[in-house]
Every structure is written in structure tokens, then in C-alpha cells.
Amino acid sequence: MKHVHFIGIEGIGLSGAAKILLESGVHVSGSDLRPGNLARKLEKMGSVIYWGHAEKNIEESVDTVVASNAINEKNLEYMAAKNRCIPILRYPELLGVLMTGKPIGIAVAGTHGKTTTSGLVSYVFEYSREYPSFIIGGYIHQLNGNAKKGAGKHFITEACEYQRSFLYLAPKIGVITNIEKDHLDYYSNINDIRRAYIQFAENIPADGVLIIEKKAWEKIKDDVHCQVLTYGLNEKADFSGKIRDITPTYSHFAVKIRNDVHSLVTPLCGRYNIENCIAGFAVADAAGIPIDKAIKAIAQYNGVCRRFEVLQEKPFVIVNDYAHHPTEIVSVLEAARERYQGAKIWCIFQPHQANRTYHLLKGFASSFYDADEIIVSDIFYARDSEQDRSRISSQQLVQELRNNGKSACHISRFDSIKRFLIPKVANGDVLLFLGAGNIDSLAHNLTDFS
């Protein structure tokens, strides 16, 4: 590949892959309907960025086109490349190609925790001077971004299960953090999801290893035959963790491996993040990273943007989080209760996808028990059909929450939510903004009010 053109280059994954190719000496161009900060950074590195999609954007020198999964085959640039017989890769296919360029691939899969865990693994390896290449689905300040071409032998990425994208990867070390219902616009049921994870495990070579959370292992163990290491909290696992203390500023826990007990600390909030840290610790151990270095790196890792990201502490707390699945909401709210004991918690939630909201409605309705007040904005539509949009609404979710005894209301617009909150929020309250859409813009906007 000498000149690669990206359709949808503003996406977190595509922009990361484009950065790695630029750092490898490949000429990169790309287009997007709304190029933003990620595209502008690539432009400063030498990439050519186009506003909008047009046939002329596919220059004569383009020898490979990479299309976001959101781009359909009727896209003008996609059709132009196809008519000229230029090879077209989807992002997961390119990820597989990039992984084969390094001796050791590390892929982190799971319904939740992929970004935090893969970011942690990347940081541990960088701290240990292994100089990895990595692509992460979120911005990590300590790594100056979400992607890098490193000189070392490792390629680290998160592995998305949507449309079985992670099956393009053949990692030496695979991780599965959990297996739950999600993406039911693609998968038919939990058994279909389970089979996809089994296929992911089957792609690990004979001399590789699968590192998997113990409860997830119970769901697939009868069908997986590669080398396996399990981990978990309060579980009989190869990497068995136990919480010793949780404070507002750190979590102290122990991990037992090979009859040795190691003491670890993380500044990350929540029991779910302790599990993510145990997974990262297991990966580091499997890759031969010295245990003392892994422990020191974990103690310094501050996490990913939009993952329990505290935007301000006073006069009231604002927390920005990507949680968009019932299990994630439960975990984040539990973490908020642990960290801000006694505080009133306002939860401002933007449902992500009508399809997900419809299929997991009962789960969402029972996941906010740790919130005192709940505001639900309009659903953020992504990949939703007209049928998806017509059969569910935010008002229905609010009604289900009220049926469960919660104080909840629906407010459509962000500016209306802000006007509603301003006279009601007291000093010391916690405002928790949840969702994978653009709800983070409101979280940042509220910091100006304080």
C-alpha cells in the first residue's frame, strides 16, 4: 500500500489506522461528511482531508480504499473505487492486516471493558519500554491519543464483536472480558453471540493463549480448545482477585497467581475497573512483562476519555461516561456511589440506538437503581431502521423507570436539559452523563455554568 484513501476518516478506529499508516510512510487521504479534530490532526501530519464524499476524491494514485462500516456500497467514493477495481477493505479487515505486520498480536474482546482494558495493556507495555503499536477506541491522555506505530513486536487493539468484526483478527493473545446480550440488530440471540466468541477463540494459534473472565469462560468452555487462563474477582481462577479497600481516590486489591499474592492499586473507580486491571495484569504476565513493572504501570494508568471521566469536582461533580448498556450503567452508578458517598446523583442518559433500547428495555429500566434523579434525552439513532425508530421511544423508557419507582423524566433537547438542571443542582451533587452518542457535549457545556 502506497496511497490509502479512508472513507469516513473521522471515526475513532479509521483515524487511528490512518495515523499508523502515516507513521509508516504511507500516503493517506480521507473524507468525511463532518471532518473534526481527529481529521485535523491527521491533516497536520500530512494527510489530505476532503469535506464530503465525491468521486473526484479518489485520486489516480490511490491503490487501496478503506471504508468505515457505516459507509454503504452506494457511496460515491465506494462506487468509484469499485468501478476502477481498487481493492476496498472494511476497517476490521485493515485491522487484521496491521496485526499480521507484528509478531505478537493482542486483541481485547468483550461486551464491556474493551477500551479501558486495551488502553491499560498499551500503557503497561509502553511503560515497560516494549514500544507497542496500538489502536484503541478512545483517547488516552497518557498515550497522547488512541493510536501509534511502535518499534516493538506487539500490536494491541480492541476487538469489536459487532458483525463478527473480530474474526478478521488472529491474535497471539486474546482477551474476553465478558459475554452478554448486545447488538441484537445483528445477532439473533445470546447463543449466536456465544458462537461468535468461540470463533474468536478458535483464531488464536496453538502457541497462543486466551485470557478470559471466569464467568465468561463458563459460557463457552465446552467448545474452546486453545490454551486458556481465567481471571476474576472472588473467583477460583488462574488470576484470582480480591478487593482490599476502595476509597474515593484509589482501589487496593490483591491478585493471586501461581500461589503468589501480589498487591495492586489503581486510581480507576469501580469494581468493574478492578476486573479490567486484573485482565491487563494477566496479559502483561502472559507476554513476559516483569510483574513489578506491570504493577507500577497499573498504579499510574488514569484511563480513557469518557470512561468515568471527572470533568469537575466543585461546586458540583460532573462525570462523563460512555456507558450505553444496562450492565455498564449499573457498574458506573455503583462506582459513583462508592466514590461520592451520600451525594445526590443526577443521571442524564442518552439512549444509544433504538434497536438496543427496544431489545434491552427491561434491563435499562432496572439499571438505574443507584440514581436519585434520572433525565432521559431523545434516543441517539445509529444504524436504526424506520421500524426500529417507530417501536420505541425515550418516553417508554421513562415510563418503565417510573414503574420501577424511580424519579425520571424525558427532556428532548440538550439546551432544555441545561435550563432544567441549573436551578435545581446543589453544591456537592453529582451529575453523571451517560451514553455513547453526543451527550458528552452537554457534559462539557455544563462546566461553563459552574
# chains A, B, ... in the order shown; residues from 1 in each chain; ligands from 1

$ residues_around --residues "Phe433 of chain A" --least-positions-apart "3" --cutoff "7 Å" --atoms "only C-alpha atoms" --output "short mmCIF file (atom, residue, chain, number, x, y, z; two decimals) with C-alpha atoms, in the first residue's frame"
data_model
loop_
_atom_site.label_atom_id
_atom_site.label_comp_id
_atom_site.auth_asym_id
_atom_site.auth_seq_id
_atom_site.Cartn_x
_atom_site.Cartn_y
_atom_site.Cartn_z
CA VAL A 319 -18.76 12.84 35.33
CA ASN A 320 -18.73 11.92 31.64
CA ASP A 321 -19.10 8.23 30.73
CA CYS A 347 -28.17 10.71 35.88
CA ILE A 348 -28.58 12.28 32.44
CA PHE A 349 -28.88 9.42 29.97
CA ILE A 439 -24.25 13.55 25.33
CA ASP A 440 -20.65 14.39 26.24
CA ALA A 443 -21.42 17.44 29.99
#

$ select_by_dssp --residues "segment 8-96 of chain A" --states "alpha helix (DSSP H)" --output "PyMOL selection string"
chain A and resi 12-23+37-44+76-83+91-96

$ write_last_selection --atoms "N, CA and C atoms" --output "CSV table (one decimal), in the first residue's frame"
chain,number,residue,atom,x,y,z
A,12,ILE,N,-13.1,7.0,15.1
A,12,ILE,CA,-12.0,6.8,16.1
A,12,ILE,C,-11.1,5.7,15.6
A,13,GLY,N,-11.7,4.6,15.0
A,13,GLY,CA,-10.9,3.5,14.5
A,13,GLY,C,-10.1,3.8,13.3
A,14,LEU,N,-10.9,4.4,12.3
A,14,LEU,CA,-10.3,4.7,11.0
A,14,LEU,C,-9.2,5.7,11.1
A,15,SER,N,-9.4,6.8,12.0
A,15,SER,CA,-8.4,7.8,12.1
A,15,SER,C,-7.1,7.2,12.8
A,16,GLY,N,-7.3,6.3,13.7
A,16,GLY,CA,-6.2,5.6,14.3
A,16,GLY,C,-5.4,4.8,13.3
A,17,ALA,N,-6.1,4.0,12.5
A,17,ALA,CA,-5.4,3.3,11.5
A,17,ALA,C,-4.7,4.2,10.5
A,18,ALA,N,-5.3,5.3,10.1
A,18,ALA,CA,-4.7,6.3,9.2
A,18,ALA,C,-3.4,6.8,9.8
A,19,LYS,N,-3.4,7.1,11.1
A,19,LYS,CA,-2.2,7.6,11.8
A,19,LYS,C,-1.1,6.6,11.7
A,20,ILE,N,-1.4,5.3,12.0
A,20,ILE,CA,-0.3,4.3,11.9
A,20,ILE,C,0.2,4.2,10.5
A,21,LEU,N,-0.6,4.3,9.5
A,21,LEU,CA,-0.1,4.2,8.1
A,21,LEU,C,0.7,5.5,7.8
A,22,LEU,N,0.3,6.6,8.2
A,22,LEU,CA,1.1,7.8,8.0
A,22,LEU,C,2.5,7.7,8.7
A,23,GLU,N,2.5,7.2,9.9
A,23,GLU,CA,3.8,7.0,10.6
A,23,GLU,C,4.6,5.9,10.0
A,37,ASN,N,-11.8,17.1,14.9
A,37,ASN,CA,-10.5,17.2,15.5
A,37,ASN,C,-9.6,16.1,15.0
A,38,LEU,N,-10.1,14.8,14.9
A,38,LEU,CA,-9.2,13.7,14.5
A,38,LEU,C,-8.7,13.9,13.1
A,39,ALA,N,-9.6,14.3,12.2
A,39,ALA,CA,-9.2,14.6,10.8
A,39,ALA,C,-8.2,15.7,10.7
A,40,ARG,N,-8.4,16.7,11.6
A,40,ARG,CA,-7.5,17.9,11.5
A,40,ARG,C,-6.1,17.5,12.0
A,41,LYS,N,-6.0,16.6,13.0
A,41,LYS,CA,-4.7,16.1,13.4
A,41,LYS,C,-4.0,15.4,12.3
A,42,LEU,N,-4.7,14.6,11.6
A,42,LEU,CA,-4.2,13.8,10.5
A,42,LEU,C,-3.7,14.8,9.4
A,43,GLU,N,-4.4,15.8,9.2
A,43,GLU,CA,-4.1,16.8,8.2
A,43,GLU,C,-2.7,17.5,8.5
A,44,LYS,N,-2.6,17.8,9.8
A,44,LYS,CA,-1.3,18.4,10.3
A,44,LYS,C,-0.1,17.4,10.1
A,76,LEU,N,-20.6,7.4,-3.1
A,76,LEU,CA,-19.9,7.8,-4.4
A,76,LEU,C,-18.5,7.3,-4.5
A,77,GLU,N,-17.7,7.5,-3.4
A,77,GLU,CA,-16.3,7.1,-3.4
A,77,GLU,C,-16.2,5.6,-3.4
A,78,TYR,N,-17.0,4.9,-2.7
A,78,TYR,CA,-17.0,3.4,-2.7
A,78,TYR,C,-17.3,2.9,-4.1
A,79,MET,N,-18.3,3.5,-4.8
A,79,MET,CA,-18.6,3.0,-6.2
A,79,MET,C,-17.5,3.4,-7.1
A,80,ALA,N,-16.8,4.5,-7.0
A,80,ALA,CA,-15.7,4.9,-7.8
A,80,ALA,C,-14.6,4.0,-7.7
A,81,ALA,N,-14.2,3.6,-6.5
A,81,ALA,CA,-13.2,2.6,-6.2
A,81,ALA,C,-13.5,1.3,-6.8
A,82,LYS,N,-14.7,0.9,-6.7
A,82,LYS,CA,-15.2,-0.4,-7.2
A,82,LYS,C,-15.1,-0.4,-8.7
A,83,ASN,N,-15.5,0.6,-9.4
A,83,ASN,CA,-15.5,0.7,-10.8
A,83,ASN,C,-14.1,0.7,-11.4
A,91,TYR,N,-12.9,-1.5,7.8
A,91,TYR,CA,-11.9,-1.2,8.9
A,91,TYR,C,-11.5,-2.5,9.6
A,92,PRO,N,-12.4,-3.5,9.9
A,92,PRO,CA,-11.9,-4.7,10.6
A,92,PRO,C,-10.9,-5.5,9.7
A,93,GLU,N,-11.0,-5.5,8.4
A,93,GLU,CA,-10.1,-6.2,7.5
A,93,GLU,C,-8.7,-5.5,7.6
A,94,LEU,N,-8.7,-4.1,7.6
A,94,LEU,CA,-7.4,-3.4,7.7
A,94,LEU,C,-6.8,-3.7,9.0
A,95,LEU,N,-7.6,-3.8,10.1
A,95,LEU,CA,-7.0,-4.1,11.4
A,95,LEU,C,-6.3,-5.4,11.4
A,96,GLY,N,-6.9,-6.4,10.7
A,96,GLY,CA,-6.3,-7.7,10.6
A,96,GLY,C,-5.0,-7.7,9.9

$ closest_residue --among "A:Arg129, A:His141, A:Arg307, A:Lys149" --to "Pro290 of chain A" --atoms "only C-alpha atoms"
A:Arg129

$ residues_around --residues "Arg339 of chain A" --least-positions-apart "6" --cutoff "10 Å" --atoms "only C-alpha atoms" --output "JSON list (two decimals) with C-alpha atoms, in the first residue's frame"
[["chain", "number", "residue", "atom", "x", "y", "z"],
["A", 246, "ILE", "CA", -11.93, 1.15, 47.94],
["A", 247, "THR", "CA", -11.56, 4.87, 48.69],
["A", 248, "PRO", "CA", -12.64, 7.98, 46.77],
["A", 249, "THR", "CA", -9.19, 8.19, 45.17],
["A", 250, "TYR", "CA", -7.96, 4.63, 44.68],
["A", 269, "CYS", "CA", -13.20, 3.84, 40.01],
["A", 270, "GLY", "CA", -15.42, 0.81, 40.38],
["A", 333, "LEU", "CA", -23.55, 4.12, 39.11]]

$ select_by_dssp --residues "segment 202-446 of chain A" --states "strand (DSSP E)" --output "count of residues only"
59

$ residues_around --residues "Ala206 of chain A" --least-positions-apart "5" --cutoff "9 Å" --atoms "only C-alpha atoms" --output "list in words"
Lys172, Cys226 and Gln227 of chain A

$ closest_residue --among "A:Thr116, A:Ile220, A:Ile211, A:Arg391" --to "Arg195 of chain A" --atoms "only C-alpha atoms"
A:Ile220

$ atom_distance --atom1 "atom CA of Gly288 of chain A" --atom2 "atom CA of Ser133 of chain A"
17.0 Å

$ closest_residue --among "A:Lys74, A:Lys418, A:His252, A:Lys293" --to "Ser441 of chain A" --atoms "only C-alpha atoms"
A:Lys418

$ residues_around --residues "segment 253-265 of chain A" --least-positions-apart "4" --cutoff "12 Å" --atoms "only C-alpha atoms" --output "NGL selection string"
:A and (229-247 or 249 or 269-271 or 273-275 or 277-282 or 285-286 or 291-302)

$ closest_residue --among "A:Ile289, A:Leu167, A:Val228, A:Ile7" --to "Ser128 of chain A" --atoms "only C-alpha atoms"
A:Ile289

$ atom_distance --atom1 "atom CA of Arg356 of chain A" --atom2 "atom CA of Thr111 of chain A"
13.1 Å

$ atom_distance --atom1 "atom CA of Glu213 of chain A" --atom2 "atom CA of Leu184 of chain A"
22.4 Å

$ residues_around --residues "segment 409-412 of chain A" --least-positions-apart "6" --cutoff "9 Å" --atoms "only C-alpha atoms" --output "PDB file with C-alpha atoms, in the first residue's frame"
ATOM      1  CA  GLU A 373     -32.945  11.630  39.614  1.00  0.00           C
ATOM      2  CA  ILE A 374     -32.947  10.463  36.004  1.00  0.00           C
ATOM      3  CA  ILE A 375     -33.275  12.601  32.888  1.00  0.00           C
ATOM      4  CA  VAL A 376     -33.610  10.770  29.577  1.00  0.00           C
ATOM      5  CA  SER A 377     -32.903  12.656  26.356  1.00  0.00           C
ATOM      6  CA  ASP A 378     -34.035  11.621  22.894  1.00  0.00           C
ATOM      7  CA  ILE A 379     -32.543   8.414  21.513  1.00  0.00           C
ATOM      8  CA  SER A 394     -37.430   7.663  25.353  1.00  0.00           C
ATOM      9  CA  GLN A 395     -40.871   8.260  26.841  1.00  0.00           C
ATOM     10  CA  LEU A 397     -38.139   4.072  28.927  1.00  0.00           C
ATOM     11  CA  VAL A 398     -39.143   6.849  31.334  1.00  0.00           C
ATOM     12  CA  GLN A 399     -42.452   5.123  31.993  1.00  0.00           C
ATOM     13  CA  ARG A 402     -41.330   5.199  36.899  1.00  0.00           C
ATOM     14  CA  PHE A 420     -33.894  22.350  33.847  1.00  0.00           C
TER      15      PHE A 420
END

$ closest_residue --among "A:Asn144, A:Thr100, A:Ser165, A:Asn404" --to "Ser68 of chain A" --atoms "only C-alpha atoms"
A:Ser165

$ decode --residues "segment 200-351 of chain A" --atoms "C-alpha atoms" --output "PDB file, in the first residue's frame"
ATOM      1  CA  PHE A 200     -12.752 -15.590  18.065  1.00  0.00           C
ATOM      2  CA  ALA A 201     -11.036 -18.034  20.430  1.00  0.00           C
ATOM      3  CA  GLU A 202     -10.507 -20.506  17.603  1.00  0.00           C
ATOM      4  CA  ASN A 203      -8.465 -17.865  15.736  1.00  0.00           C
ATOM      5  CA  ILE A 204      -5.840 -17.905  18.495  1.00  0.00           C
ATOM      6  CA  PRO A 205      -2.908 -20.103  17.350  1.00  0.00           C
ATOM      7  CA  ALA A 206      -1.798 -23.237  19.178  1.00  0.00           C
ATOM      8  CA  ASP A 207       1.094 -21.398  20.831  1.00  0.00           C
ATOM      9  CA  GLY A 208      -1.137 -18.503  21.881  1.00  0.00           C
ATOM     10  CA  VAL A 209      -3.389 -18.018  24.886  1.00  0.00           C
ATOM     11  CA  LEU A 210      -6.941 -16.913  25.653  1.00  0.00           C
ATOM     12  CA  ILE A 211      -7.298 -14.798  28.798  1.00  0.00           C
ATOM     13  CA  ILE A 212     -10.945 -14.801  29.817  1.00  0.00           C
ATOM     14  CA  GLU A 213     -13.056 -13.679  32.758  1.00  0.00           C
ATOM     15  CA  LYS A 214     -14.180 -16.737  34.726  1.00  0.00           C
ATOM     16  CA  LYS A 215     -17.947 -16.234  34.291  1.00  0.00           C
ATOM     17  CA  ALA A 216     -17.492 -15.725  30.549  1.00  0.00           C
ATOM     18  CA  TRP A 217     -15.380 -18.885  30.420  1.00  0.00           C
ATOM     19  CA  GLU A 218     -18.254 -20.865  31.905  1.00  0.00           C
ATOM     20  CA  LYS A 219     -20.374 -19.852  28.897  1.00  0.00           C
ATOM     21  CA  ILE A 220     -18.010 -21.189  26.221  1.00  0.00           C
ATOM     22  CA  LYS A 221     -15.610 -23.649  27.884  1.00  0.00           C
ATOM     23  CA  ASP A 222     -17.147 -26.772  26.349  1.00  0.00           C
ATOM     24  CA  ASP A 223     -16.337 -25.524  22.845  1.00  0.00           C
ATOM     25  CA  VAL A 224     -12.901 -23.879  23.214  1.00  0.00           C
ATOM     26  CA  HIS A 225      -9.710 -25.914  22.971  1.00  0.00           C
ATOM     27  CA  CYS A 226      -6.848 -23.387  22.926  1.00  0.00           C
ATOM     28  CA  GLN A 227      -4.664 -22.635  25.950  1.00  0.00           C
ATOM     29  CA  VAL A 228      -6.763 -20.723  28.477  1.00  0.00           C
ATOM     30  CA  LEU A 229      -6.047 -18.555  31.529  1.00  0.00           C
ATOM     31  CA  THR A 230      -9.012 -17.356  33.575  1.00  0.00           C
ATOM     32  CA  TYR A 231      -9.311 -14.303  35.801  1.00  0.00           C
ATOM     33  CA  GLY A 232     -11.918 -12.790  38.087  1.00  0.00           C
ATOM     34  CA  LEU A 233     -12.850 -11.181  41.379  1.00  0.00           C
ATOM     35  CA  ASN A 234     -13.615 -13.612  44.174  1.00  0.00           C
ATOM     36  CA  GLU A 235     -13.345 -16.494  41.737  1.00  0.00           C
ATOM     37  CA  LYS A 236     -11.255 -19.655  41.667  1.00  0.00           C
ATOM     38  CA  ALA A 237      -9.268 -18.518  38.661  1.00  0.00           C
ATOM     39  CA  ASP A 238      -5.702 -18.525  37.371  1.00  0.00           C
ATOM     40  CA  PHE A 239      -5.592 -14.802  38.206  1.00  0.00           C
ATOM     41  CA  SER A 240      -7.805 -14.531  41.276  1.00  0.00           C
ATOM     42  CA  GLY A 241      -8.517 -11.042  42.554  1.00  0.00           C
ATOM     43  CA  LYS A 242      -9.753  -9.835  45.907  1.00  0.00           C
ATOM     44  CA  ILE A 243     -10.657  -6.271  46.871  1.00  0.00           C
ATOM     45  CA  ARG A 244      -8.905  -4.981  49.968  1.00  0.00           C
ATOM     46  CA  ASP A 245     -10.044  -1.366  50.092  1.00  0.00           C
ATOM     47  CA  ILE A 246     -11.931   1.148  47.942  1.00  0.00           C
ATOM     48  CA  THR A 247     -11.559   4.868  48.690  1.00  0.00           C
ATOM     49  CA  PRO A 248     -12.643   7.983  46.768  1.00  0.00           C
ATOM     50  CA  THR A 249      -9.185   8.193  45.174  1.00  0.00           C
ATOM     51  CA  TYR A 250      -7.962   4.628  44.676  1.00  0.00           C
ATOM     52  CA  SER A 251      -8.802   0.935  44.826  1.00  0.00           C
ATOM     53  CA  HIS A 252      -6.466  -1.504  46.565  1.00  0.00           C
ATOM     54  CA  PHE A 253      -6.723  -5.160  45.560  1.00  0.00           C
ATOM     55  CA  ALA A 254      -4.711  -8.364  45.510  1.00  0.00           C
ATOM     56  CA  VAL A 255      -4.152 -10.866  42.714  1.00  0.00           C
ATOM     57  CA  LYS A 256      -3.115 -14.441  43.356  1.00  0.00           C
ATOM     58  CA  ILE A 257      -1.209 -16.229  40.578  1.00  0.00           C
ATOM     59  CA  ARG A 258       0.847 -19.407  40.787  1.00  0.00           C
ATOM     60  CA  ASN A 259       0.396 -19.424  44.592  1.00  0.00           C
ATOM     61  CA  ASP A 260       1.917 -15.938  44.877  1.00  0.00           C
ATOM     62  CA  VAL A 261      -0.149 -12.955  46.035  1.00  0.00           C
ATOM     63  CA  HIS A 262       0.586  -9.518  44.565  1.00  0.00           C
ATOM     64  CA  SER A 263      -0.759  -6.223  45.911  1.00  0.00           C
ATOM     65  CA  LEU A 264      -2.036  -3.706  43.327  1.00  0.00           C
ATOM     66  CA  VAL A 265      -3.516  -0.226  43.378  1.00  0.00           C
ATOM     67  CA  THR A 266      -5.497   1.599  40.686  1.00  0.00           C
ATOM     68  CA  PRO A 267      -6.853   5.157  40.558  1.00  0.00           C
ATOM     69  CA  LEU A 268      -9.748   3.906  38.405  1.00  0.00           C
ATOM     70  CA  CYS A 269     -13.198   3.841  40.008  1.00  0.00           C
ATOM     71  CA  GLY A 270     -15.423   0.810  40.382  1.00  0.00           C
ATOM     72  CA  ARG A 271     -15.223  -2.945  40.807  1.00  0.00           C
ATOM     73  CA  TYR A 272     -15.570  -3.396  37.051  1.00  0.00           C
ATOM     74  CA  ASN A 273     -12.326  -1.457  36.562  1.00  0.00           C
ATOM     75  CA  ILE A 274     -10.564  -3.662  39.091  1.00  0.00           C
ATOM     76  CA  GLU A 275     -11.548  -6.600  36.877  1.00  0.00           C
ATOM     77  CA  ASN A 276     -10.204  -4.717  33.842  1.00  0.00           C
ATOM     78  CA  CYS A 277      -6.928  -4.204  35.718  1.00  0.00           C
ATOM     79  CA  ILE A 278      -6.697  -7.913  36.538  1.00  0.00           C
ATOM     80  CA  ALA A 279      -7.192  -8.697  32.847  1.00  0.00           C
ATOM     81  CA  GLY A 280      -4.424  -6.270  31.891  1.00  0.00           C
ATOM     82  CA  PHE A 281      -2.163  -7.731  34.588  1.00  0.00           C
ATOM     83  CA  ALA A 282      -2.796 -11.223  33.163  1.00  0.00           C
ATOM     84  CA  VAL A 283      -1.909 -10.070  29.640  1.00  0.00           C
ATOM     85  CA  ALA A 284       1.306  -8.488  30.857  1.00  0.00           C
ATOM     86  CA  ASP A 285       2.254 -11.677  32.702  1.00  0.00           C
ATOM     87  CA  ALA A 286       1.472 -13.867  29.684  1.00  0.00           C
ATOM     88  CA  ALA A 287       3.623 -11.608  27.498  1.00  0.00           C
ATOM     89  CA  GLY A 288       6.579 -11.790  29.884  1.00  0.00           C
ATOM     90  CA  ILE A 289       6.367  -8.251  31.261  1.00  0.00           C
ATOM     91  CA  PRO A 290       8.086  -8.175  34.702  1.00  0.00           C
ATOM     92  CA  ILE A 291       5.442  -8.200  37.408  1.00  0.00           C
ATOM     93  CA  ASP A 292       6.900  -5.193  39.243  1.00  0.00           C
ATOM     94  CA  LYS A 293       6.707  -3.059  36.099  1.00  0.00           C
ATOM     95  CA  ALA A 294       3.118  -4.122  35.427  1.00  0.00           C
ATOM     96  CA  ILE A 295       2.117  -3.246  38.996  1.00  0.00           C
ATOM     97  CA  LYS A 296       3.744   0.209  38.782  1.00  0.00           C
ATOM     98  CA  ALA A 297       2.116   0.925  35.403  1.00  0.00           C
ATOM     99  CA  ILE A 298      -1.353  -0.112  36.595  1.00  0.00           C
ATOM    100  CA  ALA A 299      -0.996   2.214  39.585  1.00  0.00           C
ATOM    101  CA  GLN A 300      -0.388   5.139  37.203  1.00  0.00           C
ATOM    102  CA  TYR A 301      -2.949   4.408  34.485  1.00  0.00           C
ATOM    103  CA  ASN A 302      -5.694   7.055  34.576  1.00  0.00           C
ATOM    104  CA  GLY A 303      -7.990   5.516  31.984  1.00  0.00           C
ATOM    105  CA  VAL A 304      -9.703   6.677  28.814  1.00  0.00           C
ATOM    106  CA  CYS A 305     -11.694   9.795  27.987  1.00  0.00           C
ATOM    107  CA  ARG A 306     -15.445   9.273  28.503  1.00  0.00           C
ATOM    108  CA  ARG A 307     -14.855   6.356  30.892  1.00  0.00           C
ATOM    109  CA  PHE A 308     -15.770   7.746  34.328  1.00  0.00           C
ATOM    110  CA  GLU A 309     -14.067  10.953  33.225  1.00  0.00           C
ATOM    111  CA  VAL A 310     -14.393  13.520  36.003  1.00  0.00           C
ATOM    112  CA  LEU A 311     -14.713  16.904  34.322  1.00  0.00           C
ATOM    113  CA  GLN A 312     -15.015  18.874  37.568  1.00  0.00           C
ATOM    114  CA  GLU A 313     -15.294  18.246  41.311  1.00  0.00           C
ATOM    115  CA  LYS A 314     -16.618  21.611  42.576  1.00  0.00           C
ATOM    116  CA  PRO A 315     -19.038  23.202  43.220  1.00  0.00           C
ATOM    117  CA  PHE A 316     -20.798  20.080  41.938  1.00  0.00           C
ATOM    118  CA  VAL A 317     -19.333  16.996  40.305  1.00  0.00           C
ATOM    119  CA  ILE A 318     -19.609  16.342  36.565  1.00  0.00           C
ATOM    120  CA  VAL A 319     -18.756  12.840  35.330  1.00  0.00           C
ATOM    121  CA  ASN A 320     -18.734  11.923  31.643  1.00  0.00           C
ATOM    122  CA  ASP A 321     -19.099   8.233  30.726  1.00  0.00           C
ATOM    123  CA  TYR A 322     -19.686   6.214  27.561  1.00  0.00           C
ATOM    124  CA  ALA A 323     -21.944   3.641  29.275  1.00  0.00           C
ATOM    125  CA  HIS A 324     -24.775   2.669  26.940  1.00  0.00           C
ATOM    126  CA  HIS A 325     -25.656  -0.890  28.034  1.00  0.00           C
ATOM    127  CA  PRO A 326     -27.589  -1.816  31.217  1.00  0.00           C
ATOM    128  CA  THR A 327     -24.655  -3.662  32.783  1.00  0.00           C
ATOM    129  CA  GLU A 328     -22.365  -0.691  32.168  1.00  0.00           C
ATOM    130  CA  ILE A 329     -24.879   1.712  33.698  1.00  0.00           C
ATOM    131  CA  VAL A 330     -25.157  -0.422  36.837  1.00  0.00           C
ATOM    132  CA  SER A 331     -21.358  -0.563  37.150  1.00  0.00           C
ATOM    133  CA  VAL A 332     -20.816   3.170  36.644  1.00  0.00           C
ATOM    134  CA  LEU A 333     -23.547   4.122  39.108  1.00  0.00           C
ATOM    135  CA  GLU A 334     -22.126   1.723  41.708  1.00  0.00           C
ATOM    136  CA  ALA A 335     -18.717   3.345  41.203  1.00  0.00           C
ATOM    137  CA  ALA A 336     -20.261   6.803  41.650  1.00  0.00           C
ATOM    138  CA  ARG A 337     -21.940   5.698  44.896  1.00  0.00           C
ATOM    139  CA  GLU A 338     -18.644   4.316  46.198  1.00  0.00           C
ATOM    140  CA  ARG A 339     -16.697   7.440  45.320  1.00  0.00           C
ATOM    141  CA  TYR A 340     -19.280  10.107  46.276  1.00  0.00           C
ATOM    142  CA  GLN A 341     -20.943   8.566  49.305  1.00  0.00           C
ATOM    143  CA  GLY A 342     -24.034  10.432  50.489  1.00  0.00           C
ATOM    144  CA  ALA A 343     -24.199  12.720  47.457  1.00  0.00           C
ATOM    145  CA  LYS A 344     -27.321  13.214  45.359  1.00  0.00           C
ATOM    146  CA  ILE A 345     -26.765  11.609  41.951  1.00  0.00           C
ATOM    147  CA  TRP A 346     -28.407  13.053  38.865  1.00  0.00           C
ATOM    148  CA  CYS A 347     -28.173  10.710  35.875  1.00  0.00           C
ATOM    149  CA  ILE A 348     -28.582  12.276  32.437  1.00  0.00           C
ATOM    150  CA  PHE A 349     -28.875   9.418  29.972  1.00  0.00           C
ATOM    151  CA  GLN A 350     -28.929   9.453  26.183  1.00  0.00           C
ATOM    152  CA  PRO A 351     -30.083   6.045  24.880  1.00  0.00           C
TER     153      PRO A 351
END
